[in-house]
Structure formats: C-alpha cells, structure tokens
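Next up, model.txt (compact mmCIF, C-alpha atoms):
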# COMPACT_ATOMS: atom_id res chain seq x y z
CA MET A 300 24.07 -25.28 34.23
CA ALA A 301 27.31 -25.83 36.12
CA ASP A 302 27.18 -25.29 39.86
CA ALA A 303 28.35 -21.96 41.25
CA GLY A 304 30.76 -23.74 43.55
CA LYS A 305 32.66 -25.13 40.56
CA GLN A 306 32.96 -21.94 38.52
CA GLY A 307 32.98 -19.29 41.23
CA LYS A 308 30.22 -17.05 42.42
CA ARG A 309 31.47 -14.14 40.34
CA SER A 310 30.17 -15.95 37.25
CA TYR A 311 26.68 -15.50 38.68
CA ALA A 312 26.94 -11.98 40.07
CA GLU A 313 23.34 -11.20 39.15
CA PHE A 314 22.05 -14.24 41.06
CA ASP A 315 21.84 -14.67 44.82
CA VAL A 316 23.29 -18.16 45.18
CA THR A 317 23.16 -18.03 48.98
CA LYS A 318 19.38 -18.44 49.16
CA PRO A 319 17.19 -21.08 47.55
CA SER A 320 15.04 -20.03 44.63
CA ILE A 321 11.50 -21.34 44.20
CA ALA A 322 11.99 -21.74 40.44
CA ARG A 323 15.36 -23.48 40.72
CA THR A 324 14.22 -25.80 43.53
CA TYR A 325 11.18 -26.78 41.50
CA ASP A 326 13.50 -27.43 38.56
CA TYR A 327 15.61 -29.71 40.77
CA LEU A 328 12.59 -31.65 42.03
CA LEU A 329 11.51 -32.21 38.42
CA GLY A 330 14.94 -33.59 37.51
CA GLY A 331 16.35 -30.45 35.89
CA LYS A 332 19.92 -29.17 35.99
CA ASP A 333 19.40 -25.41 36.22
CA ASN A 334 19.95 -25.09 39.95
CA PHE A 335 22.59 -24.40 42.57
CA ALA A 336 23.74 -26.29 45.64
CA VAL A 337 21.54 -24.17 47.90
CA ASP A 338 18.49 -25.11 45.80
CA ARG A 339 19.35 -28.80 45.88
CA ALA A 340 19.84 -28.64 49.64
CA PHE A 341 16.38 -27.13 50.02
CA GLY A 342 14.89 -29.70 47.66
CA ASP A 343 16.62 -32.48 49.53
CA ARG A 344 14.83 -31.45 52.69
CA PHE A 345 11.57 -32.43 51.03
CA ILE A 346 13.09 -35.59 49.52
CA ASN A 347 14.87 -36.80 52.65
CA GLU A 348 12.92 -35.37 55.58
CA LEU A 349 9.50 -35.83 53.98
CA PRO A 350 9.88 -38.94 51.81
CA GLY A 351 7.40 -38.99 48.95
CA SER A 352 6.67 -35.26 49.02
CA ALA A 353 8.53 -34.63 45.72
CA VAL A 354 5.50 -36.15 43.95
CA ILE A 355 3.81 -32.80 44.54
CA ALA A 356 5.99 -31.15 41.87
CA HIS A 357 5.23 -33.84 39.29
CA ASP A 358 1.49 -33.87 40.00
CA ASN A 359 1.36 -30.10 39.70
CA ARG A 360 3.14 -30.15 36.35
CA GLY A 361 0.79 -32.79 35.01
CA ALA A 362 -2.27 -30.75 35.99
CA LEU A 363 -0.85 -27.66 34.29
CA VAL A 364 -0.28 -29.54 31.04
CA ARG A 365 -3.83 -30.92 31.10
CA ALA A 366 -5.26 -27.47 31.87
CA VAL A 367 -3.54 -25.90 28.87
CA GLN A 368 -4.69 -28.78 26.68
CA GLN A 369 -8.28 -28.33 27.86
CA ILE A 370 -8.25 -24.58 27.36
CA ILE A 371 -6.65 -24.58 23.90
CA THR A 372 -8.80 -27.42 22.55
CA HIS A 373 -12.18 -26.59 24.10
CA THR A 374 -12.34 -22.79 24.38
CA PRO A 375 -11.67 -19.72 22.19
CA VAL A 376 -8.58 -18.83 24.26
CA ARG A 377 -5.47 -18.49 22.08
CA GLN A 378 -3.23 -16.46 24.40
CA PHE A 379 -1.82 -17.11 27.86
CA ILE A 380 0.00 -15.32 30.66
CA ASP A 381 1.93 -17.73 32.88
CA LEU A 382 2.58 -15.95 36.17
CA GLY A 383 5.59 -17.45 37.94
CA SER A 384 6.43 -19.81 35.12
CA GLY A 385 9.67 -21.21 36.51
CA LEU A 386 12.51 -22.66 34.49
CA PRO A 387 11.85 -24.29 31.12
CA THR A 388 11.09 -28.00 31.26
CA ALA A 389 9.41 -30.44 28.92
CA ASP A 390 5.89 -29.50 27.89
CA ASN A 391 5.95 -25.81 28.71
CA VAL A 392 2.75 -23.85 28.20
CA HIS A 393 3.71 -22.65 24.72
CA GLN A 394 4.75 -26.15 23.65
CA VAL A 395 1.43 -27.63 24.74
CA ALA A 396 -0.69 -24.81 23.29
CA GLN A 397 1.20 -24.53 20.00
CA ARG A 398 0.98 -28.27 19.48
CA TYR A 399 -2.71 -27.67 18.81
CA VAL A 400 -2.70 -24.02 17.69
CA PRO A 401 0.69 -22.99 16.26
CA GLU A 402 -0.11 -19.27 16.51
CA ALA A 403 -1.04 -19.44 20.23
CA LYS A 404 0.71 -16.69 22.19
CA VAL A 405 2.33 -17.02 25.61
CA VAL A 406 3.90 -14.50 27.97
CA TYR A 407 6.00 -16.12 30.68
CA VAL A 408 6.60 -14.14 33.87
CA ASP A 409 9.10 -14.92 36.61
CA ASN A 410 11.24 -12.89 39.01
CA ASP A 411 14.27 -15.20 38.84
CA PRO A 412 16.98 -13.82 36.48
CA ILE A 413 18.00 -17.36 35.54
CA VAL A 414 14.49 -17.96 34.22
CA LEU A 415 14.82 -14.82 32.09
CA ALA A 416 18.17 -15.88 30.66
CA HIS A 417 17.19 -19.46 29.89
CA GLY A 418 13.72 -18.57 28.71
CA ARG A 419 14.93 -15.98 26.24
CA ALA A 420 17.48 -18.39 24.83
CA LEU A 421 14.84 -21.08 24.42
CA LEU A 422 12.29 -18.76 22.84
CA ALA A 423 14.62 -16.68 20.66
CA GLU A 424 13.09 -18.05 17.47
CA ASN A 425 9.49 -18.28 18.65
CA GLU A 426 7.76 -15.07 17.62
CA HIS A 427 4.58 -15.95 19.51
CA THR A 428 6.22 -16.36 22.91
CA THR A 429 8.20 -14.14 25.26
CA VAL A 430 9.51 -14.15 28.83
CA ILE A 431 9.74 -11.14 31.12
CA GLN A 432 11.35 -10.73 34.52
CA ALA A 433 8.73 -9.40 36.92
CA ASP A 434 7.05 -10.20 40.22
CA LEU A 435 3.49 -11.53 40.09
CA ARG A 436 2.78 -9.34 43.14
CA GLU A 437 3.23 -6.31 40.85
CA PRO A 438 0.60 -7.09 38.21
CA LYS A 439 0.40 -3.55 36.82
CA ALA A 440 4.05 -3.75 35.71
CA ILE A 441 3.30 -7.06 33.97
CA TYR A 442 0.13 -5.78 32.34
CA GLU A 443 1.83 -2.64 31.03
CA HIS A 444 5.10 -4.32 30.01
CA PRO A 445 5.80 -3.69 26.31
CA ASP A 446 6.37 -7.39 25.68
CA THR A 447 2.95 -8.14 27.15
CA THR A 448 1.16 -5.49 25.16
CA ALA A 449 2.95 -6.60 22.00
CA LEU A 450 1.62 -10.16 22.27
CA ILE A 451 -1.61 -10.10 24.27
CA ASP A 452 -4.86 -8.63 22.98
CA PHE A 453 -6.94 -8.00 26.10
CA ALA A 454 -10.05 -7.54 24.00
CA LYS A 455 -9.96 -11.29 23.39
CA PRO A 456 -10.14 -14.14 25.95
CA VAL A 457 -6.92 -14.83 27.86
CA GLY A 458 -5.72 -17.79 29.89
CA ILE A 459 -4.21 -16.63 33.18
CA ILE A 460 -2.09 -19.24 34.94
CA PHE A 461 -1.20 -19.28 38.63
CA SER A 462 0.54 -22.65 38.73
CA ALA A 463 1.87 -23.27 42.25
CA THR A 464 2.48 -19.56 42.78
CA LEU A 465 -0.25 -18.07 44.97
CA HIS A 466 0.76 -20.21 47.95
CA HIS A 467 4.00 -18.19 47.93
CA VAL A 468 1.97 -15.00 48.42
CA ASN A 469 1.28 -14.22 52.06
CA ASP A 470 -2.17 -13.16 53.24
CA ASP A 471 -1.07 -9.56 53.86
CA GLU A 472 0.00 -9.35 50.20
CA ASP A 473 -3.62 -9.90 49.10
CA PRO A 474 -3.47 -12.91 46.75
CA ALA A 475 -7.17 -12.55 45.96
CA GLY A 476 -6.45 -8.98 44.90
CA LEU A 477 -3.92 -10.29 42.37
CA VAL A 478 -6.56 -12.54 40.82
CA ARG A 479 -9.04 -9.63 40.85
CA PHE A 480 -6.54 -7.40 39.03
CA TRP A 481 -6.53 -9.78 36.08
CA TYR A 482 -10.27 -10.39 36.31
CA ASP A 483 -10.81 -6.67 35.79
CA ARG A 484 -8.69 -6.68 32.62
CA ILE A 485 -9.73 -9.85 30.80
CA PRO A 486 -12.97 -10.31 28.87
CA SER A 487 -15.74 -12.80 29.45
CA GLY A 488 -14.71 -16.29 28.40
CA SER A 489 -11.20 -15.93 29.79
CA HIS A 490 -9.95 -18.79 31.97
CA VAL A 491 -7.94 -18.68 35.19
CA PHE A 492 -6.08 -21.80 36.36
CA ILE A 493 -4.88 -22.10 39.95
CA SER A 494 -2.87 -24.85 41.58
CA HIS A 495 -2.10 -24.40 45.24
CA PHE A 496 -0.75 -26.15 48.33
CA ARG A 497 -3.81 -27.47 50.12
CA SER A 498 -4.06 -27.59 53.88
CA GLU A 499 -5.96 -30.38 55.54
CA ASN A 500 -5.11 -29.00 58.97
CA ASP A 501 -3.09 -32.10 59.69
CA PRO A 502 0.56 -32.81 60.59
CA ARG A 503 1.61 -33.49 56.97
CA SER A 504 0.57 -30.12 55.58
CA GLN A 505 1.78 -28.30 58.69
CA GLU A 506 5.20 -29.93 58.41
CA LEU A 507 5.51 -28.98 54.74
CA GLU A 508 4.44 -25.44 55.49
CA GLN A 509 7.11 -25.17 58.18
CA VAL A 510 9.81 -26.35 55.76
CA LEU A 511 8.74 -23.79 53.18
CA GLN A 512 8.53 -20.90 55.61
CA GLY A 513 11.73 -21.88 57.37
CA SER A 514 13.80 -21.91 54.17
CA LEU A 515 12.12 -19.23 52.03
CA GLY A 516 10.68 -17.07 54.77
CA ARG A 517 7.26 -17.14 53.14
CA GLY A 518 4.50 -19.47 52.04
CA ARG A 519 0.90 -20.09 53.03
CA TRP A 520 -1.04 -23.35 52.90
CA ARG A 521 -4.77 -22.72 52.41
CA THR A 522 -7.93 -24.74 52.87
CA ASP A 523 -10.27 -25.60 49.99
CA GLU A 524 -12.56 -22.73 50.95
CA GLN A 525 -9.67 -20.28 51.08
CA ILE A 526 -8.31 -21.38 47.70
CA LEU A 527 -11.69 -21.08 45.98
CA ALA A 528 -12.21 -17.68 47.63
CA LEU A 529 -9.19 -16.40 45.67
CA TYR A 530 -11.44 -16.20 42.61
CA GLY A 531 -14.02 -13.92 44.18
CA ASP A 532 -17.26 -13.14 42.37
CA GLY A 533 -17.70 -13.28 38.61
CA PHE A 534 -16.16 -16.68 37.94
CA THR A 535 -17.72 -20.06 37.30
CA VAL A 536 -15.60 -22.94 38.60
CA LEU A 537 -15.51 -25.73 36.03
CA GLU A 538 -15.77 -29.45 36.65
CA PRO A 539 -14.40 -31.27 38.57
CA GLY A 540 -13.90 -28.27 40.84
CA LEU A 541 -10.97 -28.09 43.24
CA VAL A 542 -9.43 -31.57 43.50
CA PRO A 543 -5.99 -33.09 44.08
CA ALA A 544 -3.85 -32.11 41.08
CA VAL A 545 -3.20 -35.72 40.08
CA ARG A 546 -6.94 -36.24 39.67
CA TRP A 547 -7.71 -33.00 37.87
CA ARG A 548 -9.10 -34.13 34.48
CA ASN A 549 -6.67 -37.03 34.42
CA ARG A 550 -7.68 -39.68 31.88
CA GLU A 551 -5.33 -42.17 33.48
CA PRO A 552 -6.83 -44.15 36.35
CA VAL A 553 -5.65 -42.83 39.71
CA GLU A 554 -5.69 -45.35 42.49
CA GLU A 555 -5.41 -44.51 46.17
CA LEU A 556 -3.39 -41.34 46.72
CA THR A 557 -0.19 -41.18 48.73
CA ASP A 558 -0.12 -39.11 51.89
CA TYR A 559 1.26 -36.12 50.01
CA GLN A 560 -0.79 -36.10 46.82
CA PRO A 561 -3.89 -34.47 48.36
CA LEU A 562 -1.71 -31.54 49.39
CA ILE A 563 -1.46 -29.98 45.91
CA ALA A 564 -4.84 -29.13 44.37
CA ALA A 565 -5.88 -27.70 41.01
CA VAL A 566 -8.91 -25.80 39.76
CA LEU A 567 -10.00 -24.00 36.59
CA ALA A 568 -12.60 -21.24 36.33
CA VAL A 569 -14.03 -19.12 33.52
CA LYS A 570 -14.95 -15.45 33.73
CA ASP A 571 -18.70 -15.07 33.37

Mind turning the file's structure into structure tokens?
Amino acid sequence: MADAGKQGKRSYAEFDVTKPSIARTYDYLLGGKDNFAVDRAFGDRFINELPGSAVIAHDNRGALVRAVQQIITHTPVRQFIDLGSGLPTADNVHQVAQRYVPEAKVVYVDNDPIVLAHGRALLAENEHTTVIQADLREPKAIYEHPDTTALIDFAKPVGIIFSATLHHVNDDEDPAGLVRFWYDRIPSGSHVFISHFRSENDPRSQELEQVLQGSLGRGRWRTDEQILALYGDGFTVLEPGLVPAVRWRNREPVEELTDYQPLIAAVLAVKD
C-alpha cells in the first residue's frame, strides 16, 4: 500500500492515519507494506529505542502457526475464529489449517478497516473463510454476525484464537469475561489459544508497557498467573503450559533467549 503522505489523506478517508494502528504496526514489524508513516514511527520506537524487541512479533507469529498446526492435526477442530487477526501475512490461520484440511473454516475478526479491505480481497475466492470488521471487546456482535453463523457450527468444536490481542484489553474491560463469553458458547473439545505480553516485573517489560500505553493509550502487561487466570474454570491447559512463545512446541532447538523473548508467552487450553 502506498503511504498516505504520497497520495493524500483523502484517499484514506475511512482510516485514521493520524494514530498508529495495532494491526498496521504489527504488519510493519513483520516486514509488511500495509502501513502508514504513523505506524512505522510507532514501530521504530520499538526497533530503535528498544533494540531487539521486534523479535516479539516474529516469535508470536511462529507460535500461532504451530498452534494451528497442532489443533488441526491432533484434534477434531475444523473451524476457527481469529479474534484480532491483523493484516494478512504469510501463513495465515486459514492457510495453515487448509494445508492439512482443505475444508477447514476460518472467521477473521479485526476492527481496522484496512484489515477488512485487504482480507476480503485475499479471501474473495475462498468459500471457507471470511473476514468481518468488529471489536473483540464486543463478542456478542461477532457471535451473531451473519458471516460467523454462516461458517461456524457451534455444535462442533471450535478453535478460538487470541493471538497478541488480550494484552490490548485493559483490566476494566474484563478480558477474562471475553474468554468466558466464548467458553459458554463452544462445546467440549474446543481449544482456546492465547499469546500475551508477559510481565516479569522488571525494567524491560515496564519500558515496553510504557511505550505501548504512551502511543496507543492502552495496553496491559500481565504476569503468568494473571494470563492463566484469563481462562477461568473449565479449561485444561495443555503441555507445555504457558512458556515464551519461541519455545511453545517449537521443534527447532532454542538456545538462550534474548532479553525480550521471554516477554511474549503462549498457551493452549481445551474446554473440558
């Protein structure tokens, strides 16, 4: 995508190009081109002020790919809802799942209009996949959306994905309540994947949290106990539990972690 500064902001009237977007900044950190100057400036704060922190985006993506592979190849789950999916990159959820099960169904959800536009273009010829513009903090609207009900059969196991999204939900917005909403609507055997910024109560995580809150006005690092508590009762956390994303079911040997790699953690649980 060309930058707004080159074509004029009127070309992007439906987008707020004065504030960084989580989805577009993440796209930039992963090497994508669907972002604006404001997103790159925000991403550059991580790259330049906190050298090495961009590895968090890559580690998170790797854990998501492995989680989808594990779910589609080792469980009965054949349908997914990706809450806060972000912009399309290589190895999206539907690409990973449909590599093994071509009829696997995926609903992507994001509140960024650019995600909607690009996602719909990408998925125009994929009858098993759709993208809707909605906010994960309004789960009822997602659950009742006609595109969701057209693809997802809630009588069968579902994979619910919160990939690097719940740390953007403040405590007073009840992130555990969002997980509980889906728990109440998915059958036994459904899986819920969470990756989340992980606080070690040290200067590194505090500095990252300050950057996030200072630029986006929101964001909450959580401890291991707080992340696991998002599941509530009725879930069984699967091996290896909550671990740094780079080590979550990674078949490649992982040597000593950098200072930033422990700060993004991943975990998968199944509804009992």

(request) Point out the residue among A:Val354, A:Ala336, A:Ala564, A:Val376 with the least atom-to-atom distance to A:Gly488, counting all atoms listed in the file. (result) A:Val376

(message) Taking 4 positions as the minimum chain separation for residues in the same chain, which residues sit within 8 Å of A:Val367 when counting all atoms listed in the file? Answer as a list in words.
(response)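 The residues that qualify are Leu363, Ile371, Val392, Val395 and Ala396 of chain A.
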
(message) Could you list, as a list in words, every residue within 9 Å of stretch 503-507 of chain A, counting only C-alpha atoms and ignoring same-chain residues fewer than 6 positions away?
(response)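 Residues meeting the cut-off are Phe345, Leu349, Ser352, Phe496, Arg497, Trp520, Asp558, Tyr559 and Leu562 of chain A.
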
(message) Given only C-alpha atoms as the basis, pick out the residue of A:Leu415, A:Val542, A:Leu567, A:Ile346 nearest to A:Ser462.
(response)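 Looking only at the distances to A:Ser462, the closest residue turns out to be A:Leu567.
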
(message) Which residues are near A:Thr464? Cut-off 10 Å, all atoms listed in the file, ignore same chain within fewer than 4 positions. Put them as a list in words.
(response)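 Counting only the stated atoms, we get Ile321, Leu382, Gly383, Ser384, Gly385, Leu435, Ile460, Val468, Pro474, Ile493, Ser494, His495, Phe496 and Gly518 of chain A.
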
(request) Point out the residue among A:Arg377, A:Thr557, A:Ile526, A:Tyr407 with the least atom-to-atom distance to A:Asn391, counting all atoms listed in the file. (result)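 The shortest atom-to-atom distance to A:Asn391 comes from A:Tyr407.
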
Taking a cut-off of 12 Å and counting all atoms listed in the file, can you build a table that, for each residue of stretch 477-506 of chain A near stretch 532-539 of chain A, reports the nearest atom pair and how far apart they are in Å (one decimal), sorted by chain then residue number, as JSON lines?
{"residue": "A:Val478", "atom": "CA", "partner": "A:Asp532", "partner_atom": "CA", "distance": 10.8}
{"residue": "A:Arg479", "atom": "CA", "partner": "A:Asp532", "partner_atom": "CA", "distance": 9.1}
{"residue": "A:Trp481", "atom": "CA", "partner": "A:Gly533", "partner_atom": "CA", "distance": 12.0}
{"residue": "A:Tyr482", "atom": "CA", "partner": "A:Gly533", "partner_atom": "CA", "distance": 8.3}
{"residue": "A:Asp483", "atom": "CA", "partner": "A:Gly533", "partner_atom": "CA", "distance": 10.0}
{"residue": "A:Ile485", "atom": "CA", "partner": "A:Gly533", "partner_atom": "CA", "distance": 11.7}
{"residue": "A:Pro486", "atom": "CA", "partner": "A:Gly533", "partner_atom": "CA", "distance": 11.2}
{"residue": "A:Ser487", "atom": "CA", "partner": "A:Phe534", "partner_atom": "CA", "distance": 9.3}
{"residue": "A:Gly488", "atom": "CA", "partner": "A:Phe534", "partner_atom": "CA", "distance": 9.7}
{"residue": "A:Ser489", "atom": "CA", "partner": "A:Phe534", "partner_atom": "CA", "distance": 9.6}
{"residue": "A:His490", "atom": "CA", "partner": "A:Phe534", "partner_atom": "CA", "distance": 8.9}
{"residue": "A:Val491", "atom": "CA", "partner": "A:Phe534", "partner_atom": "CA", "distance": 8.9}
{"residue": "A:Phe492", "atom": "CA", "partner": "A:Val536", "partner_atom": "CA", "distance": 9.8}
{"residue": "A:Ile493", "atom": "CA", "partner": "A:Val536", "partner_atom": "CA", "distance": 10.8}

(request) Would you work out the distance separating atom CA of A:Ala475 from atom CA of A:Leu529, expressed in Å to one decimal? (result)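 Calculated distance between atom CA of A:Ala475 and atom CA of A:Leu529 is 4.4 Å.
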
(request) Tell me which of A:Glu402, A:Asp409, A:Glu524, A:Glu348 sits closest to A:Ala322, counting only C-alpha atoms. (result)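 Looking only at the distances to A:Ala322, the closest residue turns out to be A:Asp409.
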
(request) Using only C-alpha atoms, pick whichever of A:Val430, A:Leu556, A:Ala356, A:Val566 has the shortest atom-to-atom distance to A:His444. (result) A:Val430

(request) To one decimal in Å, tell me the separation between atom CA of A:Glu554 and atom CA of A:Arg398. (result)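 Interatomic distance, atom CA of A:Glu554 to atom CA of A:Arg398: 29.4 Å.
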
(request) Have a look at A:Pro543, A:Gly476, A:Gly331, A:Gly418 and name the one nearest to A:Ser498; count all atoms listed in the file. (result)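 Checking each of A:Pro543, A:Gly476, A:Gly331, A:Gly418 against A:Ser498, counting all atoms listed in the file, the winner is A:Pro543.
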
(message) One number please: atom CA of A:Val406 to atom CA of A:Ile459, in Å, one decimal.
(response)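 Atom CA of A:Ile459 lies 9.9 Å from atom CA of A:Val406.
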
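The set of protein, DNA and RNA residues with any counted atom at most 10 Å from (-8.0, -33.9, 40.2) (all atoms listed in the file) reads Asp358, Ala362, Glu538, Pro539, Gly540, Leu541, Val542, Pro543, Ala544, Val545, Arg546, Trp547, Arg548, Asn549, Val553, Pro561, Ile563, Ala564, Ala565 and Val566 of chain A.
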
(message) Residues near A:Gly342, anyone? I mean within 8 Å using only C-alpha atoms, not counting same-chain ones fewer than 4 positions away, as a PyMOL selection string.
(response) chain A and resi 324-325+327-328+338+346

Selection above as a file: C-alpha atoms, as an mmCIF file, in the coordinates of the input:
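Final output, selection_13.cif:
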data_model
loop_
_atom_site.group_PDB
_atom_site.id
_atom_site.type_symbol
_atom_site.label_atom_id
_atom_site.label_comp_id
_atom_site.auth_asym_id
_atom_site.auth_seq_id
_atom_site.Cartn_x
_atom_site.Cartn_y
_atom_site.Cartn_z
ATOM 1 C CA THR A 324 14.220 -25.800 43.530
ATOM 2 C CA TYR A 325 11.180 -26.780 41.500
ATOM 3 C CA TYR A 327 15.610 -29.710 40.770
ATOM 4 C CA LEU A 328 12.590 -31.650 42.030
ATOM 5 C CA ASP A 338 18.490 -25.110 45.800
ATOM 6 C CA ILE A 346 13.090 -35.590 49.520
#

How big is the axis-aligned box around the listed atoms of stretch 469-474 of chain A once 5 Å is added on each side, and where is its centre? Give both in Å to one decimal, as lines of an AutoDock Vina configuration file.
center_x = -1.2
center_y = -11.8
center_z = 50.3
size_x = 14.9
size_y = 14.9
size_z = 17.1

Have stretch 361-388 of chain A completed to N, CA and C atoms, please, and pass it along as a PDB file, keeping the file's coordinate frame.
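This went into part04.pdb:
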ATOM      1  N   GLY A 361       1.750 -32.043  35.813  1.00  0.00           N
ATOM      2  CA  GLY A 361       0.790 -32.790  35.010  1.00  0.00           C
ATOM      3  C   GLY A 361      -0.539 -32.062  34.900  1.00  0.00           C
ATOM      4  N   ALA A 362      -1.014 -31.480  36.000  1.00  0.00           N
ATOM      5  CA  ALA A 362      -2.270 -30.750  35.990  1.00  0.00           C
ATOM      6  C   ALA A 362      -2.173 -29.515  35.109  1.00  0.00           C
ATOM      7  N   LEU A 363      -1.036 -28.833  35.137  1.00  0.00           N
ATOM      8  CA  LEU A 363      -0.850 -27.660  34.290  1.00  0.00           C
ATOM      9  C   LEU A 363      -0.924 -28.035  32.817  1.00  0.00           C
ATOM     10  N   VAL A 364      -0.247 -29.101  32.439  1.00  0.00           N
ATOM     11  CA  VAL A 364      -0.280 -29.540  31.040  1.00  0.00           C
ATOM     12  C   VAL A 364      -1.712 -29.855  30.611  1.00  0.00           C
ATOM     13  N   ARG A 365      -2.447 -30.568  31.451  1.00  0.00           N
ATOM     14  CA  ARG A 365      -3.830 -30.920  31.100  1.00  0.00           C
ATOM     15  C   ARG A 365      -4.714 -29.673  31.029  1.00  0.00           C
ATOM     16  N   ALA A 366      -4.458 -28.699  31.894  1.00  0.00           N
ATOM     17  CA  ALA A 366      -5.260 -27.470  31.870  1.00  0.00           C
ATOM     18  C   ALA A 366      -5.049 -26.722  30.565  1.00  0.00           C
ATOM     19  N   VAL A 367      -3.813 -26.603  30.134  1.00  0.00           N
ATOM     20  CA  VAL A 367      -3.540 -25.900  28.870  1.00  0.00           C
ATOM     21  C   VAL A 367      -4.168 -26.660  27.706  1.00  0.00           C
ATOM     22  N   GLN A 368      -4.064 -27.975  27.721  1.00  0.00           N
ATOM     23  CA  GLN A 368      -4.690 -28.780  26.680  1.00  0.00           C
ATOM     24  C   GLN A 368      -6.196 -28.540  26.630  1.00  0.00           C
ATOM     25  N   GLN A 369      -6.836 -28.544  27.788  1.00  0.00           N
ATOM     26  CA  GLN A 369      -8.280 -28.330  27.860  1.00  0.00           C
ATOM     27  C   GLN A 369      -8.663 -26.956  27.332  1.00  0.00           C
ATOM     28  N   ILE A 370      -7.921 -25.942  27.756  1.00  0.00           N
ATOM     29  CA  ILE A 370      -8.250 -24.580  27.360  1.00  0.00           C
ATOM     30  C   ILE A 370      -8.076 -24.391  25.853  1.00  0.00           C
ATOM     31  N   ILE A 371      -6.951 -24.839  25.316  1.00  0.00           N
ATOM     32  CA  ILE A 371      -6.650 -24.580  23.900  1.00  0.00           C
ATOM     33  C   ILE A 371      -7.532 -25.398  22.975  1.00  0.00           C
ATOM     34  N   THR A 372      -8.011 -26.553  23.428  1.00  0.00           N
ATOM     35  CA  THR A 372      -8.800 -27.420  22.550  1.00  0.00           C
ATOM     36  C   THR A 372     -10.309 -27.263  22.732  1.00  0.00           C
ATOM     37  N   HIS A 373     -10.744 -26.652  23.828  1.00  0.00           N
ATOM     38  CA  HIS A 373     -12.180 -26.590  24.100  1.00  0.00           C
ATOM     39  C   HIS A 373     -12.717 -25.176  24.306  1.00  0.00           C
ATOM     40  N   THR A 374     -11.881 -24.162  24.170  1.00  0.00           N
ATOM     41  CA  THR A 374     -12.340 -22.790  24.380  1.00  0.00           C
ATOM     42  C   THR A 374     -11.763 -21.900  23.276  1.00  0.00           C
ATOM     43  N   PRO A 375     -12.223 -20.646  23.180  1.00  0.00           N
ATOM     44  CA  PRO A 375     -11.670 -19.720  22.190  1.00  0.00           C
ATOM     45  C   PRO A 375     -10.325 -19.114  22.591  1.00  0.00           C
ATOM     46  N   VAL A 376      -9.817 -19.428  23.769  1.00  0.00           N
ATOM     47  CA  VAL A 376      -8.580 -18.830  24.260  1.00  0.00           C
ATOM     48  C   VAL A 376      -7.394 -19.253  23.375  1.00  0.00           C
ATOM     49  N   ARG A 377      -6.647 -18.253  22.913  1.00  0.00           N
ATOM     50  CA  ARG A 377      -5.470 -18.490  22.080  1.00  0.00           C
ATOM     51  C   ARG A 377      -4.254 -17.730  22.591  1.00  0.00           C
ATOM     52  N   GLN A 378      -4.339 -17.233  23.826  1.00  0.00           N
ATOM     53  CA  GLN A 378      -3.230 -16.460  24.400  1.00  0.00           C
ATOM     54  C   GLN A 378      -3.217 -16.681  25.913  1.00  0.00           C
ATOM     55  N   PHE A 379      -2.007 -16.747  26.461  1.00  0.00           N
ATOM     56  CA  PHE A 379      -1.820 -17.110  27.860  1.00  0.00           C
ATOM     57  C   PHE A 379      -0.803 -16.192  28.527  1.00  0.00           C
ATOM     58  N   ILE A 380      -1.007 -15.957  29.810  1.00  0.00           N
ATOM     59  CA  ILE A 380       0.000 -15.320  30.660  1.00  0.00           C
ATOM     60  C   ILE A 380       0.273 -16.278  31.801  1.00  0.00           C
ATOM     61  N   ASP A 381       1.519 -16.756  31.874  1.00  0.00           N
ATOM     62  CA  ASP A 381       1.930 -17.730  32.880  1.00  0.00           C
ATOM     63  C   ASP A 381       2.692 -16.990  33.973  1.00  0.00           C
ATOM     64  N   LEU A 382       2.046 -16.775  35.107  1.00  0.00           N
ATOM     65  CA  LEU A 382       2.580 -15.950  36.170  1.00  0.00           C
ATOM     66  C   LEU A 382       3.383 -16.794  37.169  1.00  0.00           C
ATOM     67  N   GLY A 383       4.709 -16.627  37.124  1.00  0.00           N
ATOM     68  CA  GLY A 383       5.590 -17.450  37.940  1.00  0.00           C
ATOM     69  C   GLY A 383       5.885 -18.749  37.246  1.00  0.00           C
ATOM     70  N   SER A 384       6.330 -18.651  36.010  1.00  0.00           N
ATOM     71  CA  SER A 384       6.430 -19.810  35.120  1.00  0.00           C
ATOM     72  C   SER A 384       7.521 -20.796  35.513  1.00  0.00           C
ATOM     73  N   GLY A 385       8.570 -20.314  36.177  1.00  0.00           N
ATOM     74  CA  GLY A 385       9.670 -21.210  36.510  1.00  0.00           C
ATOM     75  C   GLY A 385      10.577 -21.473  35.333  1.00  0.00           C
ATOM     76  N   LEU A 386      11.539 -22.348  35.542  1.00  0.00           N
ATOM     77  CA  LEU A 386      12.510 -22.660  34.490  1.00  0.00           C
ATOM     78  C   LEU A 386      11.911 -23.577  33.433  1.00  0.00           C
ATOM     79  N   PRO A 387      12.383 -23.447  32.189  1.00  0.00           N
ATOM     80  CA  PRO A 387      11.850 -24.290  31.120  1.00  0.00           C
ATOM     81  C   PRO A 387      12.066 -25.773  31.393  1.00  0.00           C
ATOM     82  N   THR A 388      11.009 -26.552  31.180  1.00  0.00           N
ATOM     83  CA  THR A 388      11.090 -28.000  31.260  1.00  0.00           C
ATOM     84  C   THR A 388      10.371 -28.559  30.044  1.00  0.00           C
TER      85      THR A 388
END
